[in-house]
Amino acid sequence: MSFIESETASQPECWRRAADLAPSRSAALPTTGERIAVVGCGTSLYMAQAYAALREASGQGDSDAFAASEFPLGRRYDRVVALTRSGTTTEVLELLARLRGTLPTVAITADPDTPVMTSADDVVVLDFADERSVVQTRFATTALTLLRAHLGLHSDAVVRDAETALAEPLPEGLAECTQFTFLGRGWTVGIANEAALKMKEASLSWTEAYPAMEYRHGPVSIATTGTATWMFGTAPEGLAEQVGSTGARWVHSGLDPLADLVRVQRLAAVRAAARGLDPDSPRHLTRSVVLADN
């Protein structure tokens with residue numbers, strides 16, 4: 001079994017631990033009413049997008065998400081939250097250094113023996129969700145679970161849905177599709193973005209991601225027999241029928257969207273194996289992007 005498979009399978013227990021941890025780390029995390037920014041790179045950026053959308057939609061404060069390299073330094077926030085599994089990502093560390101002394105920062109990481117421990121004002125360590133695979137699965141979803149629990153938006157039903165996502169077989173024929181489009185609305189746009197990245201990284205699949213209502217504005221033209229359109233959360237009225245008329249496969253479930261992402265992680269590993277790829281060490285990728293000094 002690959003690391004990505006075993007780490008994917010461990011997510012229900014990781015989510016339980018993160019939800020239990022959330023109350024004890026509440027002082028480090030944004031309080032209701034604060035104006036915040038959430039930053040990350042790659043997978044962490046997409047979890048930042050999901051969290052920011054969840055927080056703002058639940059009325060807990062203005063919340064923006066940025067790639068760490070694109071943070072608007074001239075904009076004022078009450079707190080910045082940085083997501084970084086490795087704790088060594090250059091863009092995140094450089095941003096935290098620039099923000100030191102100007103506003104509170106908190107980092108969520110998996111590795112307590114990295115520079116981020118002294119770069120941020122406060123740190124939440126999820127070392128039980130660290131990974132050996134280059135491709136992120138459980139750390140990303142566990143960090144988002146911690147943040148959902150802090151917002152009061154997590155429940156035991158989410159964990160049960162993850163267990164279902166692991167236990168049930170993937171839809172027949174899905175692994176043979178030639179192209180995948182992932183769609184979301186609100187906070188699940190970030191989930192869709194992460195699903196597309198996961199399939200690209202692990203299995204070199206042709207993927208795209210869009211806000212669901214934008215899909216009709218051009219991208220639907222790619223849909224045809226042999227492609228798949230995967231919706232996270234509630235679909236816009238009529239979209240399933242429109243996709244069905246193209247001959248493409250429509251994929252949608254009643255699972256919590258974060259649990260539904262687990263199915264994508266499983267699919268990525270299946271497709272990688274079928275193509276003779278190593279999903280734990282994708283080409284051109286490393287655990288962390290550390291840029292050399294100029």
# chains A, B, ... in the order shown; residues from 1 in each chain; ligands from 1

$ residues_around --residues "Asp260 (chain A)" --least-positions-apart "5" --cutoff "12 Å" --atoms "only C-alpha atoms" --output "PDB file with all heavy atoms, in the first residue's frame"
ATOM      1  N   THR A 141      -7.047  18.126   5.062  1.00  0.00           N
ATOM      2  CA  THR A 141      -8.418  17.954   5.535  1.00  0.00           C
ATOM      3  C   THR A 141      -8.502  18.048   7.049  1.00  0.00           C
ATOM      4  O   THR A 141      -9.519  18.500   7.598  1.00  0.00           O
ATOM      5  CB  THR A 141      -8.998  16.614   5.061  1.00  0.00           C
ATOM      6  OG1 THR A 141      -8.207  15.530   5.570  1.00  0.00           O
ATOM      7  CG2 THR A 141      -9.050  16.551   3.537  1.00  0.00           C
ATOM      8  N   VAL A 158     -19.874  14.371   9.813  1.00  0.00           N
ATOM      9  CA  VAL A 158     -18.834  14.570   8.801  1.00  0.00           C
ATOM     10  C   VAL A 158     -17.853  13.402   8.841  1.00  0.00           C
ATOM     11  O   VAL A 158     -17.440  12.882   7.796  1.00  0.00           O
ATOM     12  CB  VAL A 158     -18.110  15.910   9.027  1.00  0.00           C
ATOM     13  CG1 VAL A 158     -16.977  16.076   8.020  1.00  0.00           C
ATOM     14  CG2 VAL A 158     -19.091  17.076   8.930  1.00  0.00           C
ATOM     15  N   VAL A 159     -17.475  12.974  10.029  1.00  0.00           N
ATOM     16  CA  VAL A 159     -16.556  11.845  10.169  1.00  0.00           C
ATOM     17  C   VAL A 159     -17.205  10.570   9.655  1.00  0.00           C
ATOM     18  O   VAL A 159     -16.561   9.765   8.964  1.00  0.00           O
ATOM     19  CB  VAL A 159     -16.116  11.692  11.633  1.00  0.00           C
ATOM     20  CG1 VAL A 159     -15.191  10.484  11.779  1.00  0.00           C
ATOM     21  CG2 VAL A 159     -15.420  12.959  12.121  1.00  0.00           C
ATOM     22  N   ARG A 160     -18.468  10.389   9.960  1.00  0.00           N
ATOM     23  CA  ARG A 160     -19.167   9.195   9.459  1.00  0.00           C
ATOM     24  C   ARG A 160     -19.222   9.212   7.931  1.00  0.00           C
ATOM     25  O   ARG A 160     -19.088   8.159   7.289  1.00  0.00           O
ATOM     26  CB  ARG A 160     -20.577   9.115  10.051  1.00  0.00           C
ATOM     27  CG  ARG A 160     -20.590   8.802  11.551  1.00  0.00           C
ATOM     28  CD  ARG A 160     -21.978   8.397  12.011  1.00  0.00           C
ATOM     29  NE  ARG A 160     -22.938   9.483  11.885  1.00  0.00           N
ATOM     30  CZ  ARG A 160     -23.192  10.375  12.836  1.00  0.00           C
ATOM     31  NH1 ARG A 160     -22.527  10.325  13.992  1.00  0.00           N
ATOM     32  NH2 ARG A 160     -24.104  11.314  12.655  1.00  0.00           N
ATOM     33  N   ASP A 161     -19.404  10.381   7.357  1.00  0.00           N
ATOM     34  CA  ASP A 161     -19.392  10.476   5.897  1.00  0.00           C
ATOM     35  C   ASP A 161     -18.025  10.112   5.336  1.00  0.00           C
ATOM     36  O   ASP A 161     -17.919   9.476   4.269  1.00  0.00           O
ATOM     37  CB  ASP A 161     -19.773  11.896   5.460  1.00  0.00           C
ATOM     38  CG  ASP A 161     -21.269  12.135   5.437  1.00  0.00           C
ATOM     39  OD1 ASP A 161     -22.035  11.184   5.692  1.00  0.00           O
ATOM     40  OD2 ASP A 161     -21.693  13.276   5.154  1.00  0.00           O
ATOM     41  N   ALA A 162     -16.967  10.500   6.022  1.00  0.00           N
ATOM     42  CA  ALA A 162     -15.617  10.126   5.571  1.00  0.00           C
ATOM     43  C   ALA A 162     -15.431   8.618   5.616  1.00  0.00           C
ATOM     44  O   ALA A 162     -14.825   8.026   4.707  1.00  0.00           O
ATOM     45  CB  ALA A 162     -14.566  10.822   6.424  1.00  0.00           C
ATOM     46  N   GLU A 163     -15.957   7.994   6.638  1.00  0.00           N
ATOM     47  CA  GLU A 163     -15.876   6.533   6.730  1.00  0.00           C
ATOM     48  C   GLU A 163     -16.655   5.880   5.586  1.00  0.00           C
ATOM     49  O   GLU A 163     -16.200   4.875   5.014  1.00  0.00           O
ATOM     50  CB  GLU A 163     -16.414   6.085   8.087  1.00  0.00           C
ATOM     51  CG  GLU A 163     -15.506   6.494   9.238  1.00  0.00           C
ATOM     52  CD  GLU A 163     -16.121   6.270  10.601  1.00  0.00           C
ATOM     53  OE1 GLU A 163     -17.374   6.219  10.696  1.00  0.00           O
ATOM     54  OE2 GLU A 163     -15.361   6.165  11.589  1.00  0.00           O
ATOM     55  N   THR A 164     -17.786   6.467   5.243  1.00  0.00           N
ATOM     56  CA  THR A 164     -18.547   5.961   4.096  1.00  0.00           C
ATOM     57  C   THR A 164     -17.759   6.135   2.806  1.00  0.00           C
ATOM     58  O   THR A 164     -17.718   5.233   1.954  1.00  0.00           O
ATOM     59  CB  THR A 164     -19.892   6.704   3.992  1.00  0.00           C
ATOM     60  OG1 THR A 164     -20.663   6.454   5.165  1.00  0.00           O
ATOM     61  CG2 THR A 164     -20.672   6.266   2.771  1.00  0.00           C
ATOM     62  N   ALA A 165     -17.126   7.293   2.646  1.00  0.00           N
ATOM     63  CA  ALA A 165     -16.345   7.573   1.439  1.00  0.00           C
ATOM     64  C   ALA A 165     -15.195   6.583   1.278  1.00  0.00           C
ATOM     65  O   ALA A 165     -14.777   6.268   0.151  1.00  0.00           O
ATOM     66  CB  ALA A 165     -15.805   9.002   1.477  1.00  0.00           C
ATOM     67  N   LEU A 166     -14.660   6.091   2.382  1.00  0.00           N
ATOM     68  CA  LEU A 166     -13.576   5.114   2.341  1.00  0.00           C
ATOM     69  C   LEU A 166     -14.084   3.697   2.104  1.00  0.00           C
ATOM     70  O   LEU A 166     -13.395   2.877   1.497  1.00  0.00           O
ATOM     71  CB  LEU A 166     -12.790   5.159   3.656  1.00  0.00           C
ATOM     72  CG  LEU A 166     -11.919   6.395   3.872  1.00  0.00           C
ATOM     73  CD1 LEU A 166     -11.509   6.493   5.328  1.00  0.00           C
ATOM     74  CD2 LEU A 166     -10.695   6.361   2.961  1.00  0.00           C
ATOM     75  N   GLU A 168     -17.174   2.620   0.646  1.00  0.00           N
ATOM     76  CA  GLU A 168     -17.958   2.320  -0.554  1.00  0.00           C
ATOM     77  C   GLU A 168     -17.075   2.274  -1.792  1.00  0.00           C
ATOM     78  O   GLU A 168     -16.114   3.053  -1.915  1.00  0.00           O
ATOM     79  CB  GLU A 168     -19.061   3.360  -0.741  1.00  0.00           C
ATOM     80  CG  GLU A 168     -20.143   3.295   0.329  1.00  0.00           C
ATOM     81  CD  GLU A 168     -21.281   4.251   0.056  1.00  0.00           C
ATOM     82  OE1 GLU A 168     -21.114   5.145  -0.811  1.00  0.00           O
ATOM     83  OE2 GLU A 168     -22.342   4.105   0.705  1.00  0.00           O
ATOM     84  N   LEU A 170     -15.736   3.022  -5.511  1.00  0.00           N
ATOM     85  CA  LEU A 170     -15.852   4.163  -6.416  1.00  0.00           C
ATOM     86  C   LEU A 170     -16.804   3.810  -7.555  1.00  0.00           C
ATOM     87  O   LEU A 170     -16.921   2.642  -7.926  1.00  0.00           O
ATOM     88  CB  LEU A 170     -14.483   4.540  -6.974  1.00  0.00           C
ATOM     89  CG  LEU A 170     -13.465   5.065  -5.951  1.00  0.00           C
ATOM     90  CD1 LEU A 170     -12.085   5.157  -6.592  1.00  0.00           C
ATOM     91  CD2 LEU A 170     -13.900   6.411  -5.403  1.00  0.00           C
ATOM     92  N   PHE A 182     -14.084  19.630 -11.774  1.00  0.00           N
ATOM     93  CA  PHE A 182     -14.613  19.681 -10.413  1.00  0.00           C
ATOM     94  C   PHE A 182     -15.263  21.037 -10.172  1.00  0.00           C
ATOM     95  O   PHE A 182     -14.682  22.078 -10.510  1.00  0.00           O
ATOM     96  CB  PHE A 182     -13.490  19.430  -9.406  1.00  0.00           C
ATOM     97  CG  PHE A 182     -12.862  18.068  -9.543  1.00  0.00           C
ATOM     98  CD1 PHE A 182     -11.683  17.900 -10.255  1.00  0.00           C
ATOM     99  CD2 PHE A 182     -13.468  16.957  -8.970  1.00  0.00           C
ATOM    100  CE1 PHE A 182     -11.102  16.646 -10.394  1.00  0.00           C
ATOM    101  CE2 PHE A 182     -12.905  15.691  -9.103  1.00  0.00           C
ATOM    102  CZ  PHE A 182     -11.722  15.536  -9.817  1.00  0.00           C
ATOM    103  N   GLY A 184     -17.722  23.647  -7.501  1.00  0.00           N
ATOM    104  CA  GLY A 184     -18.143  23.937  -6.140  1.00  0.00           C
ATOM    105  C   GLY A 184     -18.903  25.242  -6.078  1.00  0.00           C
ATOM    106  O   GLY A 184     -18.968  26.004  -7.060  1.00  0.00           O
ATOM    107  N   THR A 188     -17.104  25.299  -1.095  1.00  0.00           N
ATOM    108  CA  THR A 188     -16.662  24.108  -1.823  1.00  0.00           C
ATOM    109  C   THR A 188     -15.940  24.435  -3.125  1.00  0.00           C
ATOM    110  O   THR A 188     -15.417  23.529  -3.770  1.00  0.00           O
ATOM    111  CB  THR A 188     -17.829  23.141  -2.088  1.00  0.00           C
ATOM    112  OG1 THR A 188     -18.741  23.716  -3.022  1.00  0.00           O
ATOM    113  CG2 THR A 188     -18.549  22.783  -0.807  1.00  0.00           C
ATOM    114  N   ILE A 191     -12.661  23.339  -2.253  1.00  0.00           N
ATOM    115  CA  ILE A 191     -12.600  21.875  -2.300  1.00  0.00           C
ATOM    116  C   ILE A 191     -12.443  21.400  -3.743  1.00  0.00           C
ATOM    117  O   ILE A 191     -11.666  20.484  -4.038  1.00  0.00           O
ATOM    118  CB  ILE A 191     -13.856  21.260  -1.660  1.00  0.00           C
ATOM    119  CG1 ILE A 191     -13.984  21.687  -0.193  1.00  0.00           C
ATOM    120  CG2 ILE A 191     -13.827  19.739  -1.781  1.00  0.00           C
ATOM    121  CD1 ILE A 191     -12.868  21.241   0.697  1.00  0.00           C
ATOM    122  N   ALA A 192     -13.185  22.019  -4.664  1.00  0.00           N
ATOM    123  CA  ALA A 192     -13.075  21.662  -6.080  1.00  0.00           C
ATOM    124  C   ALA A 192     -11.671  21.941  -6.605  1.00  0.00           C
ATOM    125  O   ALA A 192     -11.092  21.131  -7.349  1.00  0.00           O
ATOM    126  CB  ALA A 192     -14.118  22.420  -6.892  1.00  0.00           C
ATOM    127  N   GLU A 194      -8.921  21.950  -4.892  1.00  0.00           N
ATOM    128  CA  GLU A 194      -8.032  20.941  -4.321  1.00  0.00           C
ATOM    129  C   GLU A 194      -8.208  19.588  -5.002  1.00  0.00           C
ATOM    130  O   GLU A 194      -7.229  18.878  -5.257  1.00  0.00           O
ATOM    131  CB  GLU A 194      -8.276  20.824  -2.819  1.00  0.00           C
ATOM    132  CG  GLU A 194      -7.628  19.625  -2.156  1.00  0.00           C
ATOM    133  CD  GLU A 194      -6.110  19.541  -2.313  1.00  0.00           C
ATOM    134  OE1 GLU A 194      -5.484  20.513  -2.813  1.00  0.00           O
ATOM    135  OE2 GLU A 194      -5.542  18.497  -1.967  1.00  0.00           O
ATOM    136  N   ALA A 195      -9.440  19.224  -5.333  1.00  0.00           N
ATOM    137  CA  ALA A 195      -9.681  17.956  -6.025  1.00  0.00           C
ATOM    138  C   ALA A 195      -8.951  17.925  -7.366  1.00  0.00           C
ATOM    139  O   ALA A 195      -8.326  16.919  -7.727  1.00  0.00           O
ATOM    140  CB  ALA A 195     -11.176  17.753  -6.225  1.00  0.00           C
ATOM    141  N   TRP A 230     -17.708  16.595 -11.685  1.00  0.00           N
ATOM    142  CA  TRP A 230     -17.884  16.204 -10.285  1.00  0.00           C
ATOM    143  C   TRP A 230     -18.298  17.433  -9.491  1.00  0.00           C
ATOM    144  O   TRP A 230     -17.575  18.417  -9.429  1.00  0.00           O
ATOM    145  CB  TRP A 230     -16.565  15.653  -9.758  1.00  0.00           C
ATOM    146  CG  TRP A 230     -16.599  14.958  -8.438  1.00  0.00           C
ATOM    147  CD1 TRP A 230     -17.161  15.403  -7.268  1.00  0.00           C
ATOM    148  CD2 TRP A 230     -16.003  13.684  -8.128  1.00  0.00           C
ATOM    149  NE1 TRP A 230     -16.952  14.508  -6.265  1.00  0.00           N
ATOM    150  CE2 TRP A 230     -16.249  13.436  -6.754  1.00  0.00           C
ATOM    151  CE3 TRP A 230     -15.278  12.753  -8.875  1.00  0.00           C
ATOM    152  CZ2 TRP A 230     -15.781  12.273  -6.119  1.00  0.00           C
ATOM    153  CZ3 TRP A 230     -14.834  11.601  -8.239  1.00  0.00           C
ATOM    154  CH2 TRP A 230     -15.079  11.375  -6.880  1.00  0.00           C
ATOM    155  N   MET A 231     -19.446  17.377  -8.857  1.00  0.00           N
ATOM    156  CA  MET A 231     -19.995  18.505  -8.101  1.00  0.00           C
ATOM    157  C   MET A 231     -19.838  18.274  -6.606  1.00  0.00           C
ATOM    158  O   MET A 231     -20.225  17.236  -6.081  1.00  0.00           O
ATOM    159  CB  MET A 231     -21.484  18.676  -8.449  1.00  0.00           C
ATOM    160  CG  MET A 231     -22.170  19.814  -7.711  1.00  0.00           C
ATOM    161  SD  MET A 231     -21.697  21.435  -8.336  1.00  0.00           S
ATOM    162  CE  MET A 231     -21.858  22.417  -6.825  1.00  0.00           C
ATOM    163  N   PHE A 232     -19.295  19.267  -5.897  1.00  0.00           N
ATOM    164  CA  PHE A 232     -19.207  19.234  -4.438  1.00  0.00           C
ATOM    165  C   PHE A 232     -20.300  20.122  -3.850  1.00  0.00           C
ATOM    166  O   PHE A 232     -20.354  21.321  -4.120  1.00  0.00           O
ATOM    167  CB  PHE A 232     -17.839  19.730  -3.956  1.00  0.00           C
ATOM    168  CG  PHE A 232     -16.704  18.810  -4.296  1.00  0.00           C
ATOM    169  CD1 PHE A 232     -15.928  19.035  -5.422  1.00  0.00           C
ATOM    170  CD2 PHE A 232     -16.416  17.714  -3.502  1.00  0.00           C
ATOM    171  CE1 PHE A 232     -14.877  18.190  -5.733  1.00  0.00           C
ATOM    172  CE2 PHE A 232     -15.367  16.855  -3.813  1.00  0.00           C
ATOM    173  CZ  PHE A 232     -14.596  17.095  -4.935  1.00  0.00           C
ATOM    174  N   GLY A 233     -21.159  19.526  -3.038  1.00  0.00           N
ATOM    175  CA  GLY A 233     -22.240  20.295  -2.435  1.00  0.00           C
ATOM    176  C   GLY A 233     -23.449  20.369  -3.344  1.00  0.00           C
ATOM    177  O   GLY A 233     -23.581  19.613  -4.309  1.00  0.00           O
ATOM    178  N   VAL A 251     -21.064  13.299 -11.497  1.00  0.00           N
ATOM    179  CA  VAL A 251     -20.709  12.691 -10.221  1.00  0.00           C
ATOM    180  C   VAL A 251     -21.148  13.621  -9.101  1.00  0.00           C
ATOM    181  O   VAL A 251     -20.724  14.786  -9.045  1.00  0.00           O
ATOM    182  CB  VAL A 251     -19.194  12.429 -10.110  1.00  0.00           C
ATOM    183  CG1 VAL A 251     -18.885  11.694  -8.813  1.00  0.00           C
ATOM    184  CG2 VAL A 251     -18.695  11.653 -11.316  1.00  0.00           C
ATOM    185  N   HIS A 252     -21.982  13.129  -8.221  1.00  0.00           N
ATOM    186  CA  HIS A 252     -22.519  13.947  -7.143  1.00  0.00           C
ATOM    187  C   HIS A 252     -22.965  13.015  -6.037  1.00  0.00           C
ATOM    188  O   HIS A 252     -23.503  11.943  -6.311  1.00  0.00           O
ATOM    189  CB  HIS A 252     -23.700  14.781  -7.649  1.00  0.00           C
ATOM    190  CG  HIS A 252     -24.219  15.771  -6.650  1.00  0.00           C
ATOM    191  ND1 HIS A 252     -25.557  15.914  -6.362  1.00  0.00           N
ATOM    192  CD2 HIS A 252     -23.569  16.660  -5.867  1.00  0.00           C
ATOM    193  CE1 HIS A 252     -25.714  16.867  -5.459  1.00  0.00           C
ATOM    194  NE2 HIS A 252     -24.519  17.329  -5.132  1.00  0.00           N
ATOM    195  N   SER A 253     -22.726  13.390  -4.790  1.00  0.00           N
ATOM    196  CA  SER A 253     -23.142  12.536  -3.679  1.00  0.00           C
ATOM    197  C   SER A 253     -23.763  13.385  -2.591  1.00  0.00           C
ATOM    198  O   SER A 253     -23.623  14.613  -2.580  1.00  0.00           O
ATOM    199  CB  SER A 253     -21.947  11.754  -3.115  1.00  0.00           C
ATOM    200  OG  SER A 253     -21.194  12.561  -2.222  1.00  0.00           O
ATOM    201  N   GLY A 254     -24.403  12.723  -1.649  1.00  0.00           N
ATOM    202  CA  GLY A 254     -24.983  13.411  -0.509  1.00  0.00           C
ATOM    203  C   GLY A 254     -24.026  13.521   0.659  1.00  0.00           C
ATOM    204  O   GLY A 254     -24.411  13.972   1.741  1.00  0.00           O
ATOM    205  N   LEU A 255     -22.770  13.135   0.465  1.00  0.00           N
ATOM    206  CA  LEU A 255     -21.774  13.223   1.525  1.00  0.00           C
ATOM    207  C   LEU A 255     -21.398  14.677   1.790  1.00  0.00           C
ATOM    208  O   LEU A 255     -21.500  15.539   0.916  1.00  0.00           O
ATOM    209  CB  LEU A 255     -20.515  12.452   1.130  1.00  0.00           C
ATOM    210  CG  LEU A 255     -20.645  10.948   0.888  1.00  0.00           C
ATOM    211  CD1 LEU A 255     -19.330  10.395   0.365  1.00  0.00           C
ATOM    212  CD2 LEU A 255     -21.074  10.228   2.164  1.00  0.00           C
ATOM    213  N   GLN A 265      -9.378  11.624  -3.546  1.00  0.00           N
ATOM    214  CA  GLN A 265      -8.050  11.154  -3.152  1.00  0.00           C
ATOM    215  C   GLN A 265      -7.881   9.668  -3.472  1.00  0.00           C
ATOM    216  O   GLN A 265      -6.829   9.247  -3.982  1.00  0.00           O
ATOM    217  CB  GLN A 265      -7.837  11.403  -1.657  1.00  0.00           C
ATOM    218  CG  GLN A 265      -7.832  12.873  -1.275  1.00  0.00           C
ATOM    219  CD  GLN A 265      -7.918  13.082   0.220  1.00  0.00           C
ATOM    220  OE1 GLN A 265      -8.248  12.166   0.985  1.00  0.00           O
ATOM    221  NE2 GLN A 265      -7.621  14.285   0.673  1.00  0.00           N
ATOM    222  N   ARG A 266      -8.905   8.890  -3.190  1.00  0.00           N
ATOM    223  CA  ARG A 266      -8.861   7.460  -3.529  1.00  0.00           C
ATOM    224  C   ARG A 266      -8.757   7.257  -5.037  1.00  0.00           C
ATOM    225  O   ARG A 266      -7.968   6.425  -5.511  1.00  0.00           O
ATOM    226  CB  ARG A 266     -10.111   6.760  -3.007  1.00  0.00           C
ATOM    227  CG  ARG A 266     -10.202   6.621  -1.500  1.00  0.00           C
ATOM    228  CD  ARG A 266     -11.497   5.943  -1.103  1.00  0.00           C
ATOM    229  NE  ARG A 266     -11.623   4.632  -1.742  1.00  0.00           N
ATOM    230  CZ  ARG A 266     -12.790   4.033  -2.002  1.00  0.00           C
ATOM    231  NH1 ARG A 266     -13.937   4.623  -1.689  1.00  0.00           N
ATOM    232  NH2 ARG A 266     -12.808   2.842  -2.570  1.00  0.00           N
ATOM    233  N   LEU A 267      -9.536   8.026  -5.778  1.00  0.00           N
ATOM    234  CA  LEU A 267      -9.520   7.901  -7.239  1.00  0.00           C
ATOM    235  C   LEU A 267      -8.147   8.260  -7.797  1.00  0.00           C
ATOM    236  O   LEU A 267      -7.652   7.590  -8.721  1.00  0.00           O
ATOM    237  CB  LEU A 267     -10.590   8.807  -7.850  1.00  0.00           C
ATOM    238  CG  LEU A 267     -10.670   8.844  -9.370  1.00  0.00           C
ATOM    239  CD1 LEU A 267     -11.022   7.470  -9.934  1.00  0.00           C
ATOM    240  CD2 LEU A 267     -11.694   9.888  -9.831  1.00  0.00           C
TER     241      LEU A 267
END

$ residues_around --residues "Ala202 (chain A)" --least-positions-apart "5" --cutoff "10 Å" --atoms "only C-alpha atoms" --output "JSON list (two decimals) with C-alpha atoms, in the first residue's frame"
[["chain", "number", "residue", "atom", "x", "y", "z"],
["A", 4, "ILE", "CA", -1.11, 8.18, 0.09],
["A", 134, "VAL", "CA", 4.63, 14.34, -1.08],
["A", 135, "VAL", "CA", 0.97, 14.63, -2.06],
["A", 136, "GLN", "CA", -1.15, 16.08, 0.75],
["A", 197, "LEU", "CA", -4.86, 19.57, -7.97],
["A", 265, "GLN", "CA", -8.05, 11.15, -3.15],
["A", 267, "LEU", "CA", -9.52, 7.90, -7.24],
["A", 268, "ALA", "CA", -6.19, 9.67, -7.71],
["A", 269, "ALA", "CA", -4.35, 6.74, -6.14],
["A", 270, "VAL", "CA", -6.27, 4.23, -8.29],
["A", 271, "ARG", "CA", -5.49, 6.11, -11.49],
["A", 272, "ALA", "CA", -1.84, 6.48, -10.53],
["A", 273, "ALA", "CA", -1.53, 2.74, -9.96],
["A", 277, "LEU", "CA", 2.97, 6.04, -11.42],
["A", 278, "ASP", "CA", 4.22, 6.57, -7.88],
["A", 279, "PRO", "CA", 1.58, 8.81, -6.25],
["A", 280, "ASP", "CA", 3.83, 9.38, -3.24],
["A", 281, "SER", "CA", 6.57, 11.03, -5.29],
["A", 282, "PRO", "CA", 5.07, 12.79, -8.35],
["A", 283, "ARG", "CA", 7.45, 14.07, -11.00]]

$ closest_residue --among "A:Ala149, A:Val264, A:Ile222, A:Met1" --to "Thr246 (chain A)" --atoms "only C-alpha atoms"
A:Ile222

$ select_by_dssp --residues "region 6-151 of chain A" --states "strand (DSSP E or B)" --output "list in words"
Ile36, Ala37, Val38, Val39, Gly40, Ser63, Asp64, Ala65, Phe66, Ala67, Arg79, Val80, Val81, Ala82, Leu83, Thr105, Val106, Ala107, Ile108, Thr109, Asp122, Val123, Val124 and Val125 of chain A

$ residues_around --residues "Gly74 (chain A)" --least-positions-apart "3" --cutoff "12 Å" --atoms "only C-alpha atoms" --output "VMD selection string"
chain A and resid 70 to 71 77 98 to 99 102

$ write_last_selection --atoms "all heavy atoms" --output "PDB file, in the first residue's frame"
ATOM      1  N   GLU A  70       1.026  36.416  -2.873  1.00  0.00           N
ATOM      2  CA  GLU A  70       0.168  37.473  -3.399  1.00  0.00           C
ATOM      3  C   GLU A  70      -0.537  38.257  -2.289  1.00  0.00           C
ATOM      4  O   GLU A  70      -1.475  39.010  -2.559  1.00  0.00           O
ATOM      5  CB  GLU A  70      -0.883  36.863  -4.335  1.00  0.00           C
ATOM      6  CG  GLU A  70      -0.302  36.178  -5.557  1.00  0.00           C
ATOM      7  CD  GLU A  70       0.469  37.152  -6.449  1.00  0.00           C
ATOM      8  OE1 GLU A  70      -0.009  38.293  -6.633  1.00  0.00           O
ATOM      9  OE2 GLU A  70       1.561  36.772  -6.930  1.00  0.00           O
ATOM     10  N   PHE A  71      -0.089  38.126  -1.068  1.00  0.00           N
ATOM     11  CA  PHE A  71      -0.736  38.837   0.036  1.00  0.00           C
ATOM     12  C   PHE A  71      -0.610  40.347  -0.152  1.00  0.00           C
ATOM     13  O   PHE A  71       0.483  40.862  -0.398  1.00  0.00           O
ATOM     14  CB  PHE A  71      -0.102  38.431   1.361  1.00  0.00           C
ATOM     15  CG  PHE A  71      -0.722  39.093   2.560  1.00  0.00           C
ATOM     16  CD1 PHE A  71      -1.891  38.605   3.103  1.00  0.00           C
ATOM     17  CD2 PHE A  71      -0.134  40.218   3.125  1.00  0.00           C
ATOM     18  CE1 PHE A  71      -2.472  39.209   4.205  1.00  0.00           C
ATOM     19  CE2 PHE A  71      -0.703  40.834   4.222  1.00  0.00           C
ATOM     20  CZ  PHE A  71      -1.884  40.330   4.766  1.00  0.00           C
ATOM     21  N   TYR A  77      -5.518  43.896   8.394  1.00  0.00           N
ATOM     22  CA  TYR A  77      -6.261  42.779   8.961  1.00  0.00           C
ATOM     23  C   TYR A  77      -6.015  42.723  10.465  1.00  0.00           C
ATOM     24  O   TYR A  77      -5.019  43.246  10.968  1.00  0.00           O
ATOM     25  CB  TYR A  77      -5.821  41.462   8.315  1.00  0.00           C
ATOM     26  CG  TYR A  77      -6.239  41.325   6.873  1.00  0.00           C
ATOM     27  CD1 TYR A  77      -5.348  41.595   5.847  1.00  0.00           C
ATOM     28  CD2 TYR A  77      -7.535  40.945   6.541  1.00  0.00           C
ATOM     29  CE1 TYR A  77      -5.731  41.484   4.515  1.00  0.00           C
ATOM     30  CE2 TYR A  77      -7.929  40.826   5.216  1.00  0.00           C
ATOM     31  CZ  TYR A  77      -7.029  41.097   4.212  1.00  0.00           C
ATOM     32  OH  TYR A  77      -7.425  40.997   2.891  1.00  0.00           O
ATOM     33  N   ARG A  98       7.749  39.449   7.182  1.00  0.00           N
ATOM     34  CA  ARG A  98       7.366  40.827   6.857  1.00  0.00           C
ATOM     35  C   ARG A  98       6.256  41.338   7.765  1.00  0.00           C
ATOM     36  O   ARG A  98       6.157  42.538   8.025  1.00  0.00           O
ATOM     37  CB  ARG A  98       6.942  40.931   5.402  1.00  0.00           C
ATOM     38  CG  ARG A  98       8.049  40.616   4.409  1.00  0.00           C
ATOM     39  CD  ARG A  98       7.688  40.997   2.998  1.00  0.00           C
ATOM     40  NE  ARG A  98       7.603  42.448   2.825  1.00  0.00           N
ATOM     41  CZ  ARG A  98       7.447  43.067   1.661  1.00  0.00           C
ATOM     42  NH1 ARG A  98       7.337  42.342   0.556  1.00  0.00           N
ATOM     43  NH2 ARG A  98       7.378  44.366   1.586  1.00  0.00           N
ATOM     44  N   LEU A  99       5.409  40.434   8.245  1.00  0.00           N
ATOM     45  CA  LEU A  99       4.280  40.844   9.077  1.00  0.00           C
ATOM     46  C   LEU A  99       4.631  40.927  10.556  1.00  0.00           C
ATOM     47  O   LEU A  99       3.844  41.486  11.337  1.00  0.00           O
ATOM     48  CB  LEU A  99       3.124  39.848   8.899  1.00  0.00           C
ATOM     49  CG  LEU A  99       2.491  39.779   7.508  1.00  0.00           C
ATOM     50  CD1 LEU A  99       1.414  38.700   7.487  1.00  0.00           C
ATOM     51  CD2 LEU A  99       1.903  41.118   7.092  1.00  0.00           C
ATOM     52  N   THR A 102       3.591  43.719  13.169  1.00  0.00           N
ATOM     53  CA  THR A 102       2.584  44.620  12.600  1.00  0.00           C
ATOM     54  C   THR A 102       1.167  44.140  12.840  1.00  0.00           C
ATOM     55  O   THR A 102       0.251  44.957  12.945  1.00  0.00           O
ATOM     56  CB  THR A 102       2.801  44.800  11.087  1.00  0.00           C
ATOM     57  OG1 THR A 102       2.579  43.551  10.414  1.00  0.00           O
ATOM     58  CG2 THR A 102       4.222  45.274  10.799  1.00  0.00           C
TER      59      THR A 102
END
